[in-house]
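Participant: Input file: my_file.csv. Contents: CSV, C-alpha atoms.
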chain,number,residue,atom,x,y,z
A,1,MET,CA,48.7,-115.5,70.9
A,2,ILE,CA,50.7,-117.7,73.3
A,3,GLN,CA,49.1,-120.8,74.7
A,4,TYR,CA,49.7,-121.1,78.4
A,5,PRO,CA,49.7,-124.6,80.0
A,6,SER,CA,47.9,-123.3,83.0
A,7,LYS,CA,45.4,-120.6,83.9
A,8,LEU,CA,47.4,-119.6,87.0
A,9,ILE,CA,50.5,-119.1,84.9
A,10,GLU,CA,48.5,-117.0,82.4
A,11,GLU,CA,47.1,-114.8,85.2
A,12,ALA,CA,50.6,-114.3,86.7
A,13,VAL,CA,52.0,-113.4,83.3
A,14,GLU,CA,49.3,-110.9,82.6
A,15,ALA,CA,49.9,-109.3,86.0
A,16,PHE,CA,53.6,-108.8,85.3
A,17,ALA,CA,53.0,-107.7,81.8
A,18,GLN,CA,51.2,-104.6,83.1
A,19,LEU,CA,54.5,-103.3,84.4
A,20,PRO,CA,56.3,-100.6,82.3
A,21,GLY,CA,58.6,-102.1,79.7
A,22,VAL,CA,57.6,-105.7,80.4
A,23,GLY,CA,56.1,-107.7,77.6
A,24,ARG,CA,54.6,-111.2,77.8
A,25,ARG,CA,57.9,-112.9,77.1
A,26,THR,CA,59.7,-111.1,79.9
A,27,ALA,CA,56.7,-111.6,82.2
A,28,LEU,CA,56.8,-115.3,81.5
A,29,ARG,CA,60.5,-115.4,82.3
A,30,TYR,CA,59.7,-113.8,85.7
A,31,VAL,CA,56.9,-116.3,86.3
A,32,LEU,CA,59.0,-119.3,85.5
A,33,HIS,CA,61.7,-118.0,87.7
A,34,LEU,CA,59.3,-117.6,90.6
A,35,LEU,CA,58.1,-121.2,89.9
A,36,LYS,CA,61.6,-122.5,90.8
A,37,GLN,CA,61.7,-120.4,94.0
A,38,ASP,CA,60.8,-121.5,97.5
A,39,PRO,CA,56.9,-121.2,97.8
A,40,ALA,CA,57.2,-119.2,101.0
A,41,LEU,CA,59.3,-116.6,99.3
A,42,VAL,CA,56.9,-116.2,96.5
A,43,LYS,CA,54.0,-116.0,98.9
A,44,ARG,CA,55.7,-113.2,100.8
A,45,PHE,CA,56.4,-111.4,97.5
A,46,GLY,CA,52.6,-111.5,96.8
A,47,GLU,CA,51.8,-110.4,100.3
A,48,THR,CA,54.3,-107.5,100.1
A,49,LEU,CA,52.5,-106.3,97.0
A,50,SER,CA,49.0,-106.7,98.4
A,51,ARG,CA,50.0,-104.8,101.5
A,52,PHE,CA,52.2,-102.0,100.2
A,53,ARG,CA,49.6,-100.3,98.1
A,54,ASP,CA,47.1,-100.3,100.9
A,55,GLU,CA,49.3,-99.4,103.8
A,56,LEU,CA,51.6,-96.9,102.1
A,57,LYS,CA,50.7,-93.3,103.0
A,58,HIS,CA,51.6,-89.9,101.6
A,59,CYS,CA,53.1,-87.3,103.8
A,60,THR,CA,50.3,-84.8,104.5
A,61,ARG,CA,52.8,-82.0,104.3
A,62,CYS,CA,55.0,-82.7,101.3
A,63,HIS,CA,53.1,-85.5,99.6
A,64,ASN,CA,56.1,-87.8,99.4
A,65,VAL,CA,55.4,-91.5,100.0
A,66,SER,CA,55.8,-92.3,103.6
A,67,ASP,CA,55.0,-95.0,106.2
A,68,THR,CA,53.7,-92.3,108.6
A,69,ASP,CA,51.4,-89.3,108.3
A,70,ILE,CA,54.3,-86.9,108.3
A,71,CYS,CA,57.4,-88.2,106.5
A,72,SER,CA,60.8,-88.7,108.0
A,73,ILE,CA,62.2,-85.7,106.1
A,74,CYS,CA,59.4,-83.3,107.1
A,75,SER,CA,59.6,-84.5,110.8
A,76,ASN,CA,63.4,-84.2,111.0
A,77,PRO,CA,64.1,-81.1,113.2
A,78,ARG,CA,67.6,-80.9,111.8
A,79,ARG,CA,66.4,-80.0,108.3
A,80,ASP,CA,66.0,-76.5,107.2
A,81,ALA,CA,62.2,-75.8,107.0
A,82,THR,CA,62.7,-72.4,105.3
A,83,LEU,CA,63.9,-74.1,102.1
A,84,VAL,CA,61.4,-76.1,100.0
A,85,CYS,CA,62.4,-78.0,96.8
A,86,VAL,CA,59.5,-78.6,94.4
A,87,VAL,CA,59.8,-81.9,92.5
A,88,GLU,CA,57.6,-83.9,90.2
A,89,ASP,CA,57.7,-87.3,92.0
A,90,VAL,CA,59.2,-89.6,94.6
A,91,ARG,CA,62.1,-90.5,92.3
A,92,ASP,CA,63.3,-87.0,92.2
A,93,VAL,CA,63.3,-86.8,96.0
A,94,MET,CA,65.3,-90.0,96.1
A,95,ALA,CA,67.8,-88.7,93.5
A,96,ILE,CA,68.3,-85.4,95.4
A,97,GLU,CA,68.6,-87.1,98.7
A,98,ASN,CA,71.3,-89.3,97.3
A,99,THR,CA,73.4,-86.3,96.5
A,100,GLN,CA,73.5,-85.4,100.3
A,101,GLN,CA,73.8,-81.7,99.2
A,102,PHE,CA,70.3,-80.6,100.2
A,103,ASN,CA,69.1,-80.1,103.7
A,104,GLY,CA,65.7,-78.5,103.2
A,105,LEU,CA,62.3,-80.0,102.7
A,106,TYR,CA,60.5,-81.1,99.6
A,107,HIS,CA,57.1,-80.6,98.0
A,108,VAL,CA,56.1,-83.4,95.6
A,109,LEU,CA,53.7,-82.2,92.9
A,110,GLY,CA,52.7,-85.7,91.8
A,111,GLY,CA,53.2,-84.8,88.2
A,112,ILE,CA,53.6,-81.8,85.9
A,113,ILE,CA,51.0,-79.8,84.0
A,114,SER,CA,50.4,-81.6,80.7
A,115,PRO,CA,47.3,-80.7,78.7
A,116,MET,CA,48.1,-83.6,76.3
A,117,ASP,CA,47.7,-86.1,79.1
A,118,GLY,CA,44.8,-84.2,80.6
A,119,ILE,CA,46.8,-83.2,83.7
A,120,GLY,CA,45.9,-79.7,84.8
A,121,PRO,CA,47.0,-77.6,87.8
A,122,ASN,CA,44.2,-79.0,89.9
A,123,ASP,CA,45.4,-82.5,89.5
A,124,LEU,CA,48.7,-81.6,91.2
A,125,HIS,CA,49.6,-80.6,94.8
A,126,ILE,CA,49.9,-76.9,93.9
A,127,ASP,CA,47.3,-75.5,96.2
A,128,SER,CA,48.9,-77.1,99.2
A,129,LEU,CA,52.3,-75.6,98.1
A,130,VAL,CA,50.7,-72.2,98.1
A,131,GLU,CA,49.2,-72.8,101.5
A,132,ARG,CA,52.6,-73.9,102.8
A,133,VAL,CA,54.2,-70.8,101.5
A,134,ALA,CA,51.3,-68.6,102.8
A,135,SER,CA,51.7,-70.1,106.3
A,136,GLY,CA,55.0,-68.2,106.5
A,137,GLU,CA,57.8,-70.5,107.3
A,138,THR,CA,59.2,-70.8,103.8
A,139,GLN,CA,61.9,-68.4,102.7
A,140,GLU,CA,63.0,-70.0,99.4
A,141,VAL,CA,61.3,-72.3,96.9
A,142,ILE,CA,63.7,-74.2,94.6
A,143,MET,CA,62.1,-75.5,91.4
A,144,ALA,CA,63.6,-78.8,90.3
A,145,LEU,CA,61.3,-79.9,87.4
A,146,SER,CA,62.5,-81.2,84.1
A,147,THR,CA,63.2,-78.7,81.3
A,148,THR,CA,60.5,-79.9,79.0
A,149,MET,CA,57.6,-77.7,77.8
A,150,GLU,CA,55.5,-79.3,80.5
A,151,GLY,CA,58.1,-78.5,83.2
A,152,ASP,CA,58.4,-74.9,82.0
A,153,THR,CA,54.7,-74.5,82.0
A,154,THR,CA,54.4,-75.8,85.6
A,155,ASN,CA,57.4,-73.6,86.7
A,156,PHE,CA,55.6,-70.6,85.2
A,157,PHE,CA,52.2,-71.4,86.7
A,158,ILE,CA,53.8,-71.9,90.2
A,159,TYR,CA,55.9,-68.7,89.7
A,160,LYS,CA,52.7,-66.8,89.1
A,161,LYS,CA,50.9,-68.3,92.1
A,162,LEU,CA,53.8,-67.7,94.5
A,163,GLY,CA,54.7,-64.2,93.1
A,164,VAL,CA,52.6,-62.4,95.7
A,165,TYR,CA,54.6,-63.9,98.7
A,166,PRO,CA,57.9,-62.4,100.0
A,167,ILE,CA,60.0,-65.4,99.2
A,168,ARG,CA,63.0,-66.2,96.9
A,169,MET,CA,62.2,-68.4,93.9
A,170,THR,CA,65.1,-70.3,92.3
A,171,THR,CA,65.6,-73.1,89.9
A,172,ILE,CA,68.3,-75.7,90.0
A,173,ALA,CA,71.4,-74.9,87.8
A,174,ARG,CA,71.5,-76.3,84.3
A,175,GLY,CA,74.8,-76.7,82.6
A,176,VAL,CA,77.4,-79.1,81.2
A,177,ALA,CA,77.5,-82.1,83.4
A,178,ILE,CA,80.7,-82.7,85.5
A,179,GLY,CA,82.9,-85.0,83.5
A,180,ASP,CA,81.2,-84.2,80.1
A,181,GLU,CA,83.3,-82.9,77.2
A,182,ILE,CA,82.5,-79.2,76.3
A,183,GLU,CA,82.7,-79.9,72.6
A,184,TYR,CA,79.9,-82.5,72.8
A,185,ALA,CA,77.5,-80.6,75.0
A,186,ASP,CA,74.3,-79.5,73.2
A,187,GLU,CA,74.1,-75.8,72.3
A,188,ILE,CA,71.2,-74.9,74.7
A,189,THR,CA,72.9,-76.4,77.7
A,190,LEU,CA,76.3,-74.9,76.9
A,191,GLY,CA,74.7,-71.5,76.2
A,192,ARG,CA,72.9,-71.6,79.5
A,193,SER,CA,76.0,-72.7,81.4
A,194,ILE,CA,77.9,-69.7,80.1
A,195,LEU,CA,75.0,-67.3,81.0
A,196,ASN,CA,74.7,-68.8,84.4
A,197,ARG,CA,78.5,-69.0,85.1
A,198,VAL,CA,79.5,-69.0,88.8
A,199,PRO,CA,82.6,-67.6,90.6
A,200,TYR,CA,85.5,-70.0,90.4
A,201,GLU,CA,85.6,-70.7,94.1
A,202,ARG,CA,82.0,-72.0,94.1
A,203,SER,CA,82.6,-74.3,91.2
A,204,ILE,CA,85.2,-76.3,93.1
A,205,SER,CA,83.4,-76.5,96.4
A,206,VAL,CA,80.6,-78.8,95.2
A,207,ARG,CA,82.8,-81.7,94.2
B,208,MET,CA,73.0,-97.6,98.8
B,209,ILE,CA,69.7,-95.9,97.8
B,210,GLN,CA,67.7,-94.3,100.6
B,211,TYR,CA,64.0,-95.3,100.4
B,212,PRO,CA,61.4,-92.9,101.7
B,213,SER,CA,59.4,-95.8,103.1
B,214,LYS,CA,60.0,-99.3,104.4
B,215,LEU,CA,57.1,-100.6,102.4
B,216,ILE,CA,58.6,-99.3,99.2
B,217,GLU,CA,61.9,-100.8,100.1
B,218,GLU,CA,60.4,-104.2,100.7
B,219,ALA,CA,58.5,-104.1,97.4
B,220,VAL,CA,61.7,-103.0,95.6
B,221,GLU,CA,63.7,-105.9,97.2
B,222,ALA,CA,60.9,-108.3,96.1
B,223,PHE,CA,61.0,-107.2,92.5
B,224,ALA,CA,64.8,-107.1,92.5
B,225,GLN,CA,64.9,-110.9,92.9
B,226,LEU,CA,63.6,-111.4,89.4
B,227,PRO,CA,66.1,-112.3,86.7
B,228,GLY,CA,67.6,-109.2,85.0
B,229,VAL,CA,65.9,-106.8,87.4
B,230,GLY,CA,68.1,-104.4,89.3
B,231,ARG,CA,67.0,-102.0,92.1
B,232,ARG,CA,66.5,-99.2,89.6
B,233,THR,CA,64.1,-101.2,87.4
B,234,ALA,CA,62.4,-102.6,90.5
B,235,LEU,CA,61.8,-99.1,91.8
B,236,ARG,CA,60.3,-98.2,88.4
B,237,TYR,CA,57.9,-101.1,88.7
B,238,VAL,CA,57.0,-100.2,92.3
B,239,LEU,CA,56.4,-96.5,91.5
B,240,HIS,CA,54.3,-97.6,88.5
B,241,LEU,CA,52.1,-99.8,90.8
B,242,LEU,CA,51.8,-96.9,93.2
B,243,LYS,CA,49.9,-95.0,90.5
B,244,GLN,CA,47.6,-97.9,89.8
B,245,ASP,CA,44.2,-98.6,91.2
B,246,PRO,CA,44.8,-100.2,94.7
B,247,ALA,CA,42.4,-103.1,93.9
B,248,LEU,CA,44.4,-104.0,90.8
B,249,VAL,CA,47.7,-104.0,92.8
B,250,LYS,CA,46.0,-106.1,95.5
B,251,ARG,CA,44.9,-108.6,92.9
B,252,PHE,CA,48.4,-108.7,91.5
B,253,GLY,CA,49.7,-109.6,94.9
B,254,GLU,CA,47.0,-112.2,95.5
B,255,THR,CA,47.7,-113.8,92.1
B,256,LEU,CA,51.3,-114.2,93.1
B,257,SER,CA,50.5,-115.6,96.5
B,258,ARG,CA,48.1,-118.1,95.0
B,259,PHE,CA,49.9,-119.3,91.9
B,260,ARG,CA,52.9,-120.8,93.5
B,261,ASP,CA,50.7,-122.7,96.0
B,262,GLU,CA,48.0,-123.8,93.7
B,263,LEU,CA,50.0,-124.6,90.6
B,264,LYS,CA,50.4,-128.3,90.0
B,265,HIS,CA,52.7,-130.4,87.8
B,266,CYS,CA,51.1,-133.0,85.6
B,267,THR,CA,51.8,-136.4,87.2
B,268,ARG,CA,52.4,-137.9,83.8
B,269,CYS,CA,54.6,-135.4,81.8
B,270,HIS,CA,55.6,-133.0,84.7
B,271,ASN,CA,54.5,-130.0,82.7
B,272,VAL,CA,52.9,-127.2,84.8
B,273,SER,CA,49.2,-127.7,85.0
B,274,ASP,CA,46.1,-126.7,86.9
B,275,THR,CA,45.0,-130.3,87.2
B,276,ASP,CA,46.7,-133.6,88.1
B,277,ILE,CA,46.8,-134.6,84.4
B,278,CYS,CA,47.6,-131.7,82.1
B,279,SER,CA,45.4,-130.7,79.2
B,280,ILE,CA,47.8,-132.1,76.7
B,281,CYS,CA,48.1,-135.5,78.3
B,282,SER,CA,44.4,-135.8,78.8
B,283,ASN,CA,43.5,-134.8,75.2
B,284,PRO,CA,42.3,-138.0,73.5
B,285,ARG,CA,43.1,-136.5,70.0
B,286,ARG,CA,46.8,-136.3,70.7
B,287,ASP,CA,49.0,-139.2,69.6
B,288,ALA,CA,50.1,-140.9,72.8
B,289,THR,CA,52.6,-143.1,71.0
B,290,LEU,CA,54.9,-140.0,70.4
B,291,VAL,CA,56.7,-138.4,73.3
B,292,CYS,CA,58.8,-135.3,73.0
B,293,VAL,CA,61.4,-134.9,75.7
B,294,VAL,CA,62.2,-131.2,76.7
B,295,GLU,CA,64.0,-129.3,79.4
B,296,ASP,CA,61.2,-127.1,80.7
B,297,VAL,CA,57.8,-125.5,80.3
B,298,ARG,CA,59.1,-122.8,78.0
B,299,ASP,CA,60.1,-125.5,75.4
B,300,VAL,CA,56.6,-127.1,75.6
B,301,MET,CA,55.1,-123.7,74.9
B,302,ALA,CA,57.5,-123.0,72.0
B,303,ILE,CA,56.7,-126.3,70.4
B,304,GLU,CA,53.0,-126.0,71.0
B,305,ASN,CA,53.1,-122.6,69.2
B,306,THR,CA,54.4,-124.2,66.0
B,307,GLN,CA,51.2,-126.3,65.8
B,308,GLN,CA,53.3,-129.0,64.1
B,309,PHE,CA,53.4,-131.5,67.0
B,310,ASN,CA,50.5,-133.7,68.0
B,311,GLY,CA,52.2,-136.1,70.4
B,312,LEU,CA,52.8,-135.8,74.2
B,313,TYR,CA,55.6,-134.3,76.1
B,314,HIS,CA,58.0,-135.3,78.9
B,315,VAL,CA,59.4,-132.3,80.8
B,316,LEU,CA,62.7,-133.2,82.5
B,317,GLY,CA,62.8,-130.1,84.6
B,318,GLY,CA,66.4,-129.3,83.6
B,319,ILE,CA,69.4,-131.0,82.0
B,320,ILE,CA,72.3,-132.9,83.5
B,321,SER,CA,74.9,-130.3,84.6
B,322,PRO,CA,77.6,-131.5,87.0
B,323,MET,CA,78.8,-127.8,87.2
B,324,ASP,CA,75.5,-126.8,88.7
B,325,GLY,CA,75.2,-130.0,90.7
B,326,ILE,CA,72.3,-131.4,88.7
B,327,GLY,CA,72.6,-135.1,88.2
B,328,PRO,CA,70.2,-137.6,86.5
B,329,ASN,CA,68.3,-138.2,89.8
B,330,ASP,CA,67.3,-134.5,90.0
B,331,LEU,CA,65.5,-134.8,86.7
B,332,HIS,CA,62.3,-136.7,85.7
B,333,ILE,CA,64.2,-139.4,83.9
B,334,ASP,CA,63.0,-142.4,85.9
B,335,SER,CA,59.4,-141.5,85.1
B,336,LEU,CA,60.3,-141.3,81.4
B,337,VAL,CA,61.7,-144.8,81.6
B,338,GLU,CA,58.6,-146.0,83.3
B,339,ARG,CA,56.4,-144.3,80.7
B,340,VAL,CA,58.3,-146.1,77.9
B,341,ALA,CA,58.4,-149.4,79.8
B,342,SER,CA,54.6,-149.3,80.2
B,343,GLY,CA,54.4,-149.9,76.5
B,344,GLU,CA,52.3,-147.2,74.8
B,345,THR,CA,55.3,-145.1,73.5
B,346,GLN,CA,56.6,-145.9,70.0
B,347,GLU,CA,58.9,-142.9,69.4
B,348,VAL,CA,60.8,-140.6,71.8
B,349,ILE,CA,61.9,-137.3,70.2
B,350,MET,CA,64.7,-135.6,72.0
B,351,ALA,CA,64.4,-131.8,71.9
B,352,LEU,CA,67.2,-130.6,74.2
B,353,SER,CA,69.6,-127.8,73.5
B,354,THR,CA,72.8,-128.7,71.7
B,355,THR,CA,75.1,-127.8,74.5
B,356,MET,CA,77.5,-130.2,76.3
B,357,GLU,CA,74.9,-130.6,79.0
B,358,GLY,CA,72.1,-131.3,76.4
B,359,ASP,CA,74.3,-133.9,74.7
B,360,THR,CA,75.2,-135.5,78.0
B,361,THR,CA,71.5,-135.8,78.9
B,362,ASN,CA,70.6,-137.1,75.4
B,363,PHE,CA,73.3,-139.8,75.7
B,364,PHE,CA,72.2,-140.8,79.2
B,365,ILE,CA,68.5,-141.1,78.2
B,366,TYR,CA,69.6,-142.9,75.0
B,367,LYS,CA,71.4,-145.5,77.1
B,368,LYS,CA,68.5,-145.9,79.5
B,369,LEU,CA,65.9,-146.4,76.8
B,370,GLY,CA,68.1,-148.4,74.5
B,371,VAL,CA,66.7,-151.7,75.8
B,372,TYR,CA,63.1,-150.9,74.8
B,373,PRO,CA,61.7,-151.5,71.3
B,374,ILE,CA,61.1,-147.8,70.4
B,375,ARG,CA,62.5,-145.3,67.8
B,376,MET,CA,64.6,-142.6,69.3
B,377,THR,CA,65.0,-139.4,67.3
B,378,THR,CA,66.2,-135.8,67.8
B,379,ILE,CA,64.8,-132.7,66.3
B,380,ALA,CA,66.5,-131.6,63.0
B,381,ARG,CA,69.3,-129.1,63.3
B,382,GLY,CA,70.2,-127.0,60.3
B,383,VAL,CA,70.3,-123.5,58.8
B,384,ALA,CA,67.2,-121.6,60.0
B,385,ILE,CA,64.5,-120.8,57.4
B,386,GLY,CA,65.2,-117.3,56.1
B,387,ASP,CA,68.9,-117.3,57.2
B,388,GLU,CA,71.6,-116.7,54.6
B,389,ILE,CA,73.8,-119.8,53.8
B,390,GLU,CA,77.0,-117.8,53.8
B,391,TYR,CA,76.5,-116.6,57.4
B,392,ALA,CA,75.5,-119.9,58.9
B,393,ASP,CA,78.1,-121.4,61.3
B,394,GLU,CA,80.1,-124.3,60.0
B,395,ILE,CA,78.8,-126.9,62.4
B,396,THR,CA,75.2,-126.1,61.7
B,397,LEU,CA,75.8,-125.9,57.9
B,398,GLY,CA,77.8,-129.2,58.0
B,399,ARG,CA,75.0,-130.9,59.9
B,400,SER,CA,72.4,-129.5,57.5
B,401,ILE,CA,74.2,-131.1,54.6
B,402,LEU,CA,74.7,-134.4,56.3
B,403,ASN,CA,71.0,-134.5,57.3
B,404,ARG,CA,69.6,-133.3,54.0
B,405,VAL,CA,66.0,-134.3,53.3
B,406,PRO,CA,64.2,-135.1,50.0
B,407,TYR,CA,63.1,-131.9,48.2
B,408,GLU,CA,59.4,-132.6,48.5
B,409,ARG,CA,59.7,-132.8,52.3
B,410,SER,CA,61.5,-129.5,52.5
B,411,ILE,CA,58.6,-127.5,51.1
B,412,SER,CA,55.8,-129.2,53.0
B,413,VAL,CA,56.7,-127.8,56.3
B,414,ARG,CA,56.4,-124.1,55.4
What does this structure look like when you write it as structure tokens?

Facilitator:
Amino acid sequence: MIQYPSKLIEEAVEAFAQLPGVGRRTALRYVLHLLKQDPALVKRFGETLSRFRDELKHCTRCHNVSDTDICSICSNPRRDATLVCVVEDVRDVMAIENTQQFNGLYHVLGGIISPMDGIGPNDLHIDSLVERVASGETQEVIMALSTTMEGDTTNFFIYKKLGVYPIRMTTIARGVAIGDEIEYADEITLGRSILNRVPYERSISVR
Amino acid sequence: MIQYPSKLIEEAVEAFAQLPGVGRRTALRYVLHLLKQDPALVKRFGETLSRFRDELKHCTRCHNVSDTDICSICSNPRRDATLVCVVEDVRDVMAIENTQQFNGLYHVLGGIISPMDGIGPNDLHIDSLVERVASGETQEVIMALSTTMEGDTTNFFIYKKLGVYPIRMTTIARGVAIGDEIEYADEITLGRSILNRVPYERSISVR
């Protein structure tokens, strides 16, 4: 048990130590760093945190984090509203947006089905996805969940739910990453990349 | 440049990214983690930060961080006020306190002399150390600075300043760490540990 010279320091250390991957030692480093900063800057840091959790909204349509009721992606008229990409969380939206290869909309589930963690279908935004599809605008749903058992379970559950609607359901391509050596690729990935091979012309257009 | 789905998220990420060793990726991980937490908890985190930099004091005697004008170490009557250990910053105080081997007081310089970083003797709490010694209570000053060029310079500067007072000046022992293999110790440390050898009885009492 570390002895802190001040109750305030101890509180700040405990606060930082809640963050993922941050122990008390790292938390203390952060706190002592802030101690050397301009008080106004640290105050603003604190205020940013106090505010952001209260003021941050989730898009009522796709459940992505947003400053407004409908997020900037959903409200962009130049995006293709017939295409919906289903992802686990905000990070995935950001990763796909960064590729600049996708011009449709998203649907953020807020997690994946995981009985081990007590997360069932009702804890996720699956009903609202079904409603979106039922309302008619959607023509294709692209599943972009991780290839874990939980991801596969969630894929299957959604596949069953959406099966009754006249839409295409696709999943993102899995295969050997661009730049990776074939000989070091794992068997499952390599096997899948052979099964799901694409015409040569398409393989060069994405680069 | 990462695109953030929300201005509030971006601000929070930028705030965390100021911390030492935290890039935007890690900062985003922290922010998304907080997003899943109870809003009241996150609000308190923010308030803790806003408060701590404003309310935290430095002990007027030893300059350690403190909740009060005189810190809990300086105001403890059971500690030996004739012994003053000079350290660079709060972290060193905490490290030495954790050993439970030191019962004197501290003097926190707030840094070490480093012309490269523009830190001169006047930026440190050296004058107040001289005053403390001049006031008469101190009998021994233990230097516990790092053995870098900057540490040695600071040691020497303080040694010169305090040389006129009738006190003992010591430095903490340097040597092969307990548990370390002799054959892998660096030459300078090993050389110093031979020169500064201690009677056998004393070597076992500290464990």

Participant: Just the residues within 6 Å of segment 22-32 of chain A, please, counting all atoms listed in the file, with nothing from its chain fewer than 5 positions along; format it as a ChimeraX atom specification.

Facilitator: /A:13,16-17 /B:226

Participant: Pull out every residue of chain B sitting within 6 Å of chain A, counting all atoms listed in the file, and send them as an mmCIF file with C-alpha atoms, in the frame of the given file.

Facilitator:
data_model
loop_
_atom_site.group_PDB
_atom_site.id
_atom_site.type_symbol
_atom_site.label_atom_id
_atom_site.label_comp_id
_atom_site.auth_asym_id
_atom_site.auth_seq_id
_atom_site.Cartn_x
_atom_site.Cartn_y
_atom_site.Cartn_z
ATOM 1 C CA PRO B 212 61.400 -92.900 101.700
ATOM 2 C CA SER B 213 59.400 -95.800 103.100
ATOM 3 C CA LEU B 215 57.100 -100.600 102.400
ATOM 4 C CA ALA B 222 60.900 -108.300 96.100
ATOM 5 C CA LEU B 226 63.600 -111.400 89.400
ATOM 6 C CA TYR B 237 57.900 -101.100 88.700
ATOM 7 C CA PRO B 246 44.800 -100.200 94.700
ATOM 8 C CA LYS B 250 46.000 -106.100 95.500
ATOM 9 C CA PHE B 252 48.400 -108.700 91.500
ATOM 10 C CA GLY B 253 49.700 -109.600 94.900
ATOM 11 C CA GLU B 254 47.000 -112.200 95.500
ATOM 12 C CA LEU B 256 51.300 -114.200 93.100
ATOM 13 C CA SER B 257 50.500 -115.600 96.500
ATOM 14 C CA PHE B 259 49.900 -119.300 91.900
ATOM 15 C CA ARG B 260 52.900 -120.800 93.500
ATOM 16 C CA SER B 273 49.200 -127.700 85.000
ATOM 17 C CA ASP B 274 46.100 -126.700 86.900
#

Participant: What separation in Å, quoted to one decimal, exists between atom CA of Ile319 of chain B and atom CA of Glu357 of chain B?

Facilitator: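 We find that atom CA of Ile319 of chain B and atom CA of Glu357 of chain B lie 6.3 Å from each other.
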
Participant: Would you mind telling me which residue in A:Pro115, A:Met169, A:Arg79, A:Gly179 lies nearest to Val141 of chain A when using only C-alpha atoms?

Facilitator: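 That would be A:Met169, the residue with the smallest distance to Val141 of chain A.
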
Participant: In terms of the shortest atom-to-atom distance over all atoms listed in the file, which of A:Thr60, A:Ser193, A:Thr82, A:Thr99 is closest to Ala173 of chain A?

Facilitator: A:Ser193

Participant: Quick one: pull the distance between atom CA of Asn155 of chain A and atom CA of Ser75 of chain A, Å, one decimal.

Facilitator: 26.5 Å

Participant: Residues within 12 Å of segment 138-140 of chain A, please, as a ChimeraX atom specification. Count only C-alpha atoms; anything in the same chain fewer than 3 positions from it doesn't count.

Facilitator: /A:80-86,104-107,129-135,143,162-163,165-171

Participant: Which residue is closest to Asn310 of chain B? Choose from B:Arg381, B:Arg399, B:Lys368, B:Arg285 and count all atoms listed in the file.

Facilitator: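 Of B:Arg381, B:Arg399, B:Lys368, B:Arg285, the one nearest Asn310 of chain B, counting all atoms listed in the file, is B:Arg285.
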
Participant: Please indicate the distance in Å from atom CA of Val294 of chain B to atom CA of Leu402 of chain B, rounded to one decimal place.

Facilitator: 24.1 Å
